$ cat data.json   # JSON, C-alpha atoms
[["chain", "number", "residue", "atom", "x", "y", "z"],
["A", 8, "MET", "CA", -122.76, -44.30, -297.27],
["A", 9, "GLU", "CA", -119.15, -43.28, -296.75],
["A", 10, "GLN", "CA", -118.69, -45.40, -293.66],
["A", 11, "GLU", "CA", -119.98, -48.46, -295.49],
["A", 12, "SER", "CA", -117.91, -47.85, -298.65],
["A", 13, "ARG", "CA", -114.63, -47.34, -296.82],
["A", 14, "PRO", "CA", -114.89, -49.55, -293.71],
["A", 15, "GLN", "CA", -111.27, -50.72, -293.78],
["A", 16, "LEU", "CA", -109.92, -47.17, -293.81],
["A", 17, "SER", "CA", -112.27, -46.05, -291.05],
["A", 18, "ALA", "CA", -111.55, -49.14, -288.96],
["A", 19, "GLY", "CA", -107.81, -48.69, -289.45],
["A", 20, "LEU", "CA", -107.95, -45.12, -288.22],
["A", 21, "LEU", "CA", -109.98, -46.11, -285.16],
["A", 22, "PHE", "CA", -107.48, -48.91, -284.46],
["A", 23, "ALA", "CA", -104.68, -46.31, -284.50],
["A", 24, "VAL", "CA", -106.68, -43.90, -282.31],
["A", 25, "THR", "CA", -107.27, -46.73, -279.85],
["A", 26, "SER", "CA", -103.55, -47.49, -279.63],
["A", 27, "LEU", "CA", -102.71, -43.82, -279.09],
["A", 28, "PHE", "CA", -105.49, -43.40, -276.53],
["A", 29, "TRP", "CA", -104.40, -46.29, -274.32],
["A", 30, "SER", "CA", -100.73, -45.49, -274.73],
["A", 31, "ALA", "CA", -101.47, -42.01, -273.37],
["A", 32, "GLN", "CA", -103.59, -43.39, -270.54],
["A", 33, "TYR", "CA", -101.00, -45.82, -269.21],
["A", 34, "SER", "CA", -97.60, -44.31, -270.00],
["A", 35, "TYR", "CA", -97.25, -42.50, -266.66],
["A", 36, "THR", "CA", -99.21, -44.72, -264.28],
["A", 37, "ASN", "CA", -96.13, -46.50, -262.89],
["A", 38, "PHE", "CA", -94.69, -43.16, -261.76],
["A", 39, "ILE", "CA", -97.66, -41.72, -259.88],
["A", 40, "ASN", "CA", -97.16, -43.54, -256.58],
["A", 41, "PRO", "CA", -93.37, -43.06, -256.48],
["A", 42, "GLU", "CA", -93.88, -39.34, -257.12],
["A", 43, "LEU", "CA", -96.58, -39.12, -254.45],
["A", 44, "SER", "CA", -94.26, -40.93, -252.04],
["A", 45, "ARG", "CA", -91.49, -38.44, -252.85],
["A", 46, "MET", "CA", -93.97, -35.65, -252.07],
["A", 47, "GLY", "CA", -94.56, -37.20, -248.64],
["A", 48, "MET", "CA", -98.02, -38.63, -249.25],
["A", 49, "SER", "CA", -99.32, -41.65, -247.35],
["A", 50, "ALA", "CA", -100.27, -45.00, -248.82],
["A", 51, "ALA", "CA", -103.92, -44.11, -248.12],
["A", 52, "PHE", "CA", -103.67, -41.02, -250.30],
["A", 53, "MET", "CA", -101.99, -43.04, -253.05],
["A", 54, "GLY", "CA", -104.93, -45.42, -252.91],
["A", 55, "LEU", "CA", -107.30, -42.47, -253.16],
["A", 56, "VAL", "CA", -105.57, -41.26, -256.33],
["A", 57, "SER", "CA", -105.70, -44.74, -257.85],
["A", 58, "GLY", "CA", -109.31, -45.09, -256.81],
["A", 59, "ALA", "CA", -110.26, -41.78, -258.41],
["A", 60, "TYR", "CA", -109.49, -43.28, -261.83],
["A", 61, "GLY", "CA", -111.48, -46.45, -261.21],
["A", 62, "LEU", "CA", -114.39, -44.71, -259.50],
["A", 63, "THR", "CA", -115.07, -42.10, -262.19],
["A", 64, "GLN", "CA", -114.73, -44.71, -264.91],
["A", 65, "THR", "CA", -117.11, -47.11, -263.16],
["A", 66, "LEU", "CA", -119.73, -44.47, -262.42],
["A", 67, "LEU", "CA", -119.78, -43.00, -265.92],
["A", 68, "ARG", "CA", -119.23, -45.89, -268.31],
["A", 69, "ILE", "CA", -122.86, -47.06, -268.36],
["A", 70, "PRO", "CA", -124.41, -43.55, -268.45],
["A", 71, "LEU", "CA", -122.09, -42.54, -271.30],
["A", 72, "GLY", "CA", -122.98, -45.70, -273.21],
["A", 73, "MET", "CA", -126.68, -44.99, -272.71],
["A", 74, "ALA", "CA", -126.22, -41.38, -273.86],
["A", 75, "ALA", "CA", -124.42, -42.55, -277.02],
["A", 76, "ASP", "CA", -127.26, -44.97, -277.77],
["A", 77, "ARG", "CA", -129.86, -42.28, -277.22],
["A", 78, "ILE", "CA", -128.29, -39.84, -279.69],
["A", 79, "GLY", "CA", -127.26, -42.59, -282.10],
["A", 80, "ARG", "CA", -123.62, -41.41, -282.23],
["A", 81, "GLN", "CA", -120.36, -42.84, -280.86],
["A", 82, "LYS", "CA", -117.77, -40.51, -282.40],
["A", 83, "PRO", "CA", -118.46, -37.51, -280.10],
["A", 84, "PHE", "CA", -117.72, -39.65, -277.06],
["A", 85, "ILE", "CA", -114.51, -40.99, -278.59],
["A", 86, "VAL", "CA", -113.34, -37.47, -279.43],
["A", 87, "LEU", "CA", -114.23, -36.29, -275.93],
["A", 88, "GLY", "CA", -112.42, -39.25, -274.35],
["A", 89, "CYS", "CA", -109.26, -38.50, -276.31],
["A", 90, "LEU", "CA", -109.45, -34.81, -275.43],
["A", 91, "LEU", "CA", -109.89, -35.56, -271.73],
["A", 92, "THR", "CA", -106.92, -37.92, -271.84],
["A", 93, "ALA", "CA", -104.70, -35.13, -273.15],
["A", 94, "LEU", "CA", -106.14, -32.65, -270.64],
["A", 95, "ALA", "CA", -105.54, -35.05, -267.74],
["A", 96, "SER", "CA", -101.87, -35.36, -268.67],
["A", 97, "ALA", "CA", -101.55, -31.60, -269.16],
["A", 98, "GLY", "CA", -103.20, -31.01, -265.80],
["A", 99, "MET", "CA", -100.82, -33.30, -263.96],
["A", 100, "LEU", "CA", -97.87, -31.56, -265.59],
["A", 101, "LEU", "CA", -99.13, -28.06, -264.80],
["A", 102, "PHE", "CA", -100.33, -28.92, -261.29],
["A", 103, "TYR", "CA", -97.57, -31.30, -260.25],
["A", 104, "HIS", "CA", -98.97, -31.65, -256.77],
["A", 105, "PRO", "CA", -100.82, -34.39, -254.87],
["A", 106, "LEU", "CA", -104.17, -32.66, -255.30],
["A", 107, "GLY", "CA", -103.44, -32.14, -258.98],
["A", 108, "PHE", "CA", -102.75, -35.84, -259.33],
["A", 109, "LEU", "CA", -105.99, -36.67, -257.51],
["A", 110, "PHE", "CA", -108.20, -34.43, -259.63],
["A", 111, "PHE", "CA", -106.67, -35.16, -263.01],
["A", 112, "ARG", "CA", -106.42, -38.89, -262.39],
["A", 113, "GLY", "CA", -110.16, -38.77, -261.88],
["A", 114, "LEU", "CA", -110.44, -36.90, -265.17],
["A", 115, "ALA", "CA", -108.46, -39.69, -266.85],
["A", 116, "GLY", "CA", -111.03, -42.13, -265.49],
["A", 117, "ILE", "CA", -113.81, -40.13, -267.13],
["A", 118, "ALA", "CA", -111.85, -40.38, -270.39],
["A", 119, "SER", "CA", -111.59, -44.16, -270.05],
["A", 120, "ALA", "CA", -115.36, -44.39, -269.59],
["A", 121, "SER", "CA", -115.61, -43.61, -273.31],
["A", 122, "TRP", "CA", -114.12, -47.02, -274.18],
["A", 123, "VAL", "CA", -117.55, -48.51, -274.82],
["A", 124, "SER", "CA", -118.00, -46.10, -277.74],
["A", 125, "PHE", "CA", -114.69, -47.24, -279.25],
["A", 126, "THR", "CA", -115.87, -50.84, -279.30],
["A", 127, "ILE", "CA", -119.34, -50.09, -280.65],
["A", 128, "LEU", "CA", -118.11, -47.86, -283.47],
["A", 129, "PHE", "CA", -115.37, -50.30, -284.46],
["A", 130, "SER", "CA", -117.71, -53.29, -284.61],
["A", 131, "GLY", "CA", -120.16, -51.13, -286.58],
["A", 132, "TYR", "CA", -117.71, -50.98, -289.48],
["A", 133, "PHE", "CA", -118.23, -54.71, -290.08],
["A", 134, "ARG", "CA", -121.03, -57.24, -290.40],
["A", 135, "THR", "CA", -122.91, -57.98, -287.19],
["A", 136, "GLU", "CA", -121.73, -61.60, -287.02],
["A", 137, "GLU", "CA", -118.10, -60.42, -287.03],
["A", 138, "GLY", "CA", -118.59, -58.36, -283.87],
["A", 139, "PRO", "CA", -116.82, -60.56, -281.28],
["A", 140, "ARG", "CA", -113.81, -61.13, -283.55],
["A", 141, "ARG", "CA", -113.53, -57.44, -284.36],
["A", 142, "ILE", "CA", -113.68, -56.44, -280.68],
["A", 143, "SER", "CA", -110.79, -58.84, -280.06],
["A", 144, "GLN", "CA", -108.86, -57.09, -282.82],
["A", 145, "LEU", "CA", -109.52, -53.70, -281.25],
["A", 146, "ASN", "CA", -108.27, -55.02, -277.92],
["A", 147, "ILE", "CA", -105.02, -55.89, -279.70],
["A", 148, "GLY", "CA", -104.73, -52.19, -280.58],
["A", 149, "ASN", "CA", -105.39, -51.39, -276.93],
["A", 150, "MET", "CA", -102.58, -53.66, -275.73],
["A", 151, "LEU", "CA", -100.15, -52.65, -278.48],
["A", 152, "GLY", "CA", -100.60, -49.01, -277.50],
["A", 153, "ARG", "CA", -99.88, -49.75, -273.86],
["A", 154, "LEU", "CA", -96.83, -51.85, -274.73],
["A", 155, "ALA", "CA", -95.41, -49.23, -277.10],
["A", 156, "GLY", "CA", -95.92, -46.56, -274.46],
["A", 157, "PHE", "CA", -94.12, -48.59, -271.80],
["A", 158, "LEU", "CA", -91.17, -49.27, -274.11],
["A", 159, "ILE", "CA", -90.81, -45.62, -275.12],
["A", 160, "ILE", "CA", -91.04, -44.47, -271.51],
["A", 161, "LEU", "CA", -88.25, -46.89, -270.59],
["A", 162, "LEU", "CA", -86.02, -44.82, -272.87],
["A", 163, "LEU", "CA", -87.40, -41.37, -272.07],
["A", 164, "VAL", "CA", -87.50, -41.32, -268.29],
["A", 165, "PRO", "CA", -83.84, -42.26, -267.61],
["A", 166, "ALA", "CA", -82.76, -39.58, -270.07],
["A", 167, "LEU", "CA", -85.26, -36.79, -269.40],
["A", 168, "GLY", "CA", -86.76, -37.46, -265.98],
["A", 169, "VAL", "CA", -90.13, -38.59, -264.67],
["A", 170, "LYS", "CA", -92.05, -35.61, -266.01],
["A", 171, "SER", "CA", -91.23, -36.77, -269.54],
["A", 172, "ALA", "CA", -93.71, -39.64, -269.02],
["A", 173, "PHE", "CA", -96.50, -37.11, -268.48],
["A", 174, "ALA", "CA", -95.29, -35.01, -271.42],
["A", 175, "PHE", "CA", -95.29, -38.12, -273.61],
["A", 176, "SER", "CA", -98.84, -38.89, -272.50],
["A", 177, "LEU", "CA", -99.92, -35.35, -273.36],
["A", 178, "THR", "CA", -98.34, -35.57, -276.81],
["A", 179, "VAL", "CA", -99.84, -38.95, -277.63],
["A", 180, "GLY", "CA", -103.21, -37.98, -276.19],
["A", 181, "ALA", "CA", -103.24, -34.87, -278.38],
["A", 182, "LEU", "CA", -102.42, -37.03, -281.41],
["A", 183, "ALA", "CA", -105.30, -39.34, -280.50],
["A", 184, "PHE", "CA", -107.64, -36.36, -280.23],
["A", 185, "LEU", "CA", -106.60, -34.86, -283.57],
["A", 186, "SER", "CA", -106.80, -38.25, -285.28],
["A", 187, "SER", "CA", -110.22, -38.97, -283.82],
["A", 188, "LEU", "CA", -111.63, -35.90, -285.56],
["A", 189, "GLY", "CA", -111.17, -37.76, -288.86],
["A", 190, "LEU", "CA", -113.27, -40.76, -287.86],
["A", 191, "ARG", "CA", -116.26, -41.49, -290.07],
["A", 192, "GLU", "CA", -119.60, -42.48, -288.61],
["A", 193, "THR", "CA", -123.03, -43.02, -290.06],
["A", 194, "PRO", "CA", -125.47, -41.92, -287.34],
["A", 195, "THR", "CA", -127.90, -44.63, -286.28],
["A", 196, "GLY", "CA", -131.44, -44.10, -285.08],
["A", 197, "ARG", "CA", -131.96, -42.90, -281.56],
["A", 198, "GLN", "CA", -132.37, -45.90, -279.33],
["A", 199, "GLY", "CA", -131.49, -47.23, -275.91],
["A", 200, "ILE", "CA", -133.19, -47.85, -272.61],
["A", 201, "SER", "CA", -134.07, -45.31, -269.97],
["A", 202, "LEU", "CA", -132.15, -45.04, -266.71],
["A", 203, "ARG", "CA", -135.15, -46.51, -264.87],
["A", 204, "GLU", "CA", -135.23, -49.53, -267.25]]

$ encode --input "data.json" --output "structure tokens"
Amino acid sequence: MEQESRPQLSAGLLFAVTSLFWSAQYSYTNFINPELSRMGMSAAFMGLVSGAYGLTQTLLRIPLGMAADRIGRQKPFIVLGCLLTALASAGMLLFYHPLGFLFFRGLAGIASASWVSFTILFSGYFRTEEGPRRISQLNIGNMLGRLAGFLIILLLVPALGVKSAFAFSLTVGALAFLSSLGLRETPTGRQGISLRE
């Protein structure tokens, strides 16, 4: 199968998609609360916006993982996660308002709930006994993406303003989405437990 014959190429692309995905997710986070404060929002509302990301991610991560197991595919959830990341950034840019931040930060949390599919697909490119080591490698891609995003934003924001952080996130998220379309996956058998189980 193609996935099995070209695992290094497939794994390398997913590593790159992972870096882009997390770079897009975290490049603007440090600017949300200062912008909300500038808009006159209270600390309680800032907490609500931050909580929207964590709440949607927490509620959906397990159901999304179960759905991926049931259909025997991880790629659709990765593609969807990347798309939602780009849409969240676009939404915050277009609706640069406290309620826009609240809604689209929640959407970013839904995108992050797809992370489980990243890890499962990546480890699937290698032998089962290599799983833990390969997940650690993918986490390096996660952290490298965040670091690269922070460093680029340090240059962009002083020169172009705070909105450039959101524009950068949109650009990188779109790149992650387009790149994710090229991922290779050999569908596995339908499996998984029921919600009751």

$ closest_residue --input "data.json" --among "A:Leu114, A:Leu106, A:Leu90, A:Leu154" --to "Leu43 of chain A" --atoms "only C-alpha atoms"
A:Leu106

$ residues_near_point --input "data.json" --point "(-102.6, -45.0, -275.5)" --cutoff "12 Å" --atoms "only C-alpha atoms" --output "ChimeraX atom specification"
/A:22-36,88-89,92-93,96,115,118-119,122,146-157,159,175-184

$ atom_distance --input "data.json" --atom1 "atom CA of Ile127 of chain A" --atom2 "atom CA of Gln81 of chain A"
7.3 Å

$ residues_around --input "data.json" --residues "Val169 of chain A" --least-positions-apart "2" --cutoff "12 Å" --atoms "all atoms listed in the file" --output "PyMOL selection string"
chain A and resi 34-42+45+99-100+103+160-167+171-176

$ atom_distance --input "data.json" --atom1 "atom CA of Phe111 of chain A" --atom2 "atom CA of Phe84 of chain A"
18.4 Å

$ atom_distance --input "data.json" --atom1 "atom CA of Tyr60 of chain A" --atom2 "atom CA of Leu94 of chain A"
14.2 Å

$ axis_aligned_box --input "data.json" --around "segment 157-167 of chain A" --padding-each-side "3 Å" --output "AutoDock Vina command-line options"
--center_x -88.4 --center_y -43.0 --center_z -271.4 --size_x 17.4 --size_y 18.5 --size_z 13.5

$ residues_around --input "data.json" --residues "Val123 of chain A" --least-positions-apart "5" --cutoff "9 Å" --atoms "only C-alpha atoms" --output "list in words"
Arg68, Ile69, Leu71, Gly72, Gln81, Ile85 and Leu128 of chain A

$ residues_around --input "data.json" --residues "Gln64 of chain A" --least-positions-apart "6" --cutoff "6 Å" --atoms "all atoms listed in the file" --output "ChimeraX atom specification"
/A:116-117,120

$ write_last_selection --input "data.json" --atoms "C-alpha atoms" --output "PDB file, keeping the file's coordinate frame"
ATOM      1  CA  GLY A 116    -111.030 -42.130-265.490  1.00  0.00           C
ATOM      2  CA  ILE A 117    -113.810 -40.130-267.130  1.00  0.00           C
ATOM      3  CA  ALA A 120    -115.360 -44.390-269.590  1.00  0.00           C
TER       4      ALA A 120
END

$ closest_residue --input "data.json" --among "A:Thr65, A:Ser124, A:Gln144, A:Ser49" --to "Glu192 of chain A" --atoms "only C-alpha atoms"
A:Ser124

$ closest_residue --input "data.json" --among "A:Gly168, A:Gly47, A:Pro105, A:Gly189" --to "Ser17 of chain A" --atoms "all atoms listed in the file"
A:Gly189

$ residues_around --input "data.json" --residues "Gly113 of chain A" --least-positions-apart "4" --cutoff "9 Å" --atoms "all atoms listed in the file" --output "list of chain:residue names"
A:Val56, A:Ser57, A:Gly58, A:Ala59, A:Tyr60, A:Gly61, A:Leu62, A:Thr63, A:Gln64, A:Ala95, A:Phe108, A:Leu109, A:Ile117, A:Ala118

$ closest_residue --input "data.json" --among "A:Pro83, A:Pro139, A:Gly107, A:Gly98" --to "Leu190 of chain A" --atoms "all atoms listed in the file"
A:Pro83

$ closest_residue --input "data.json" --among "A:Leu158, A:Arg80, A:Phe125, A:Leu101" --to "Leu145 of chain A" --atoms "all atoms listed in the file"
A:Phe125
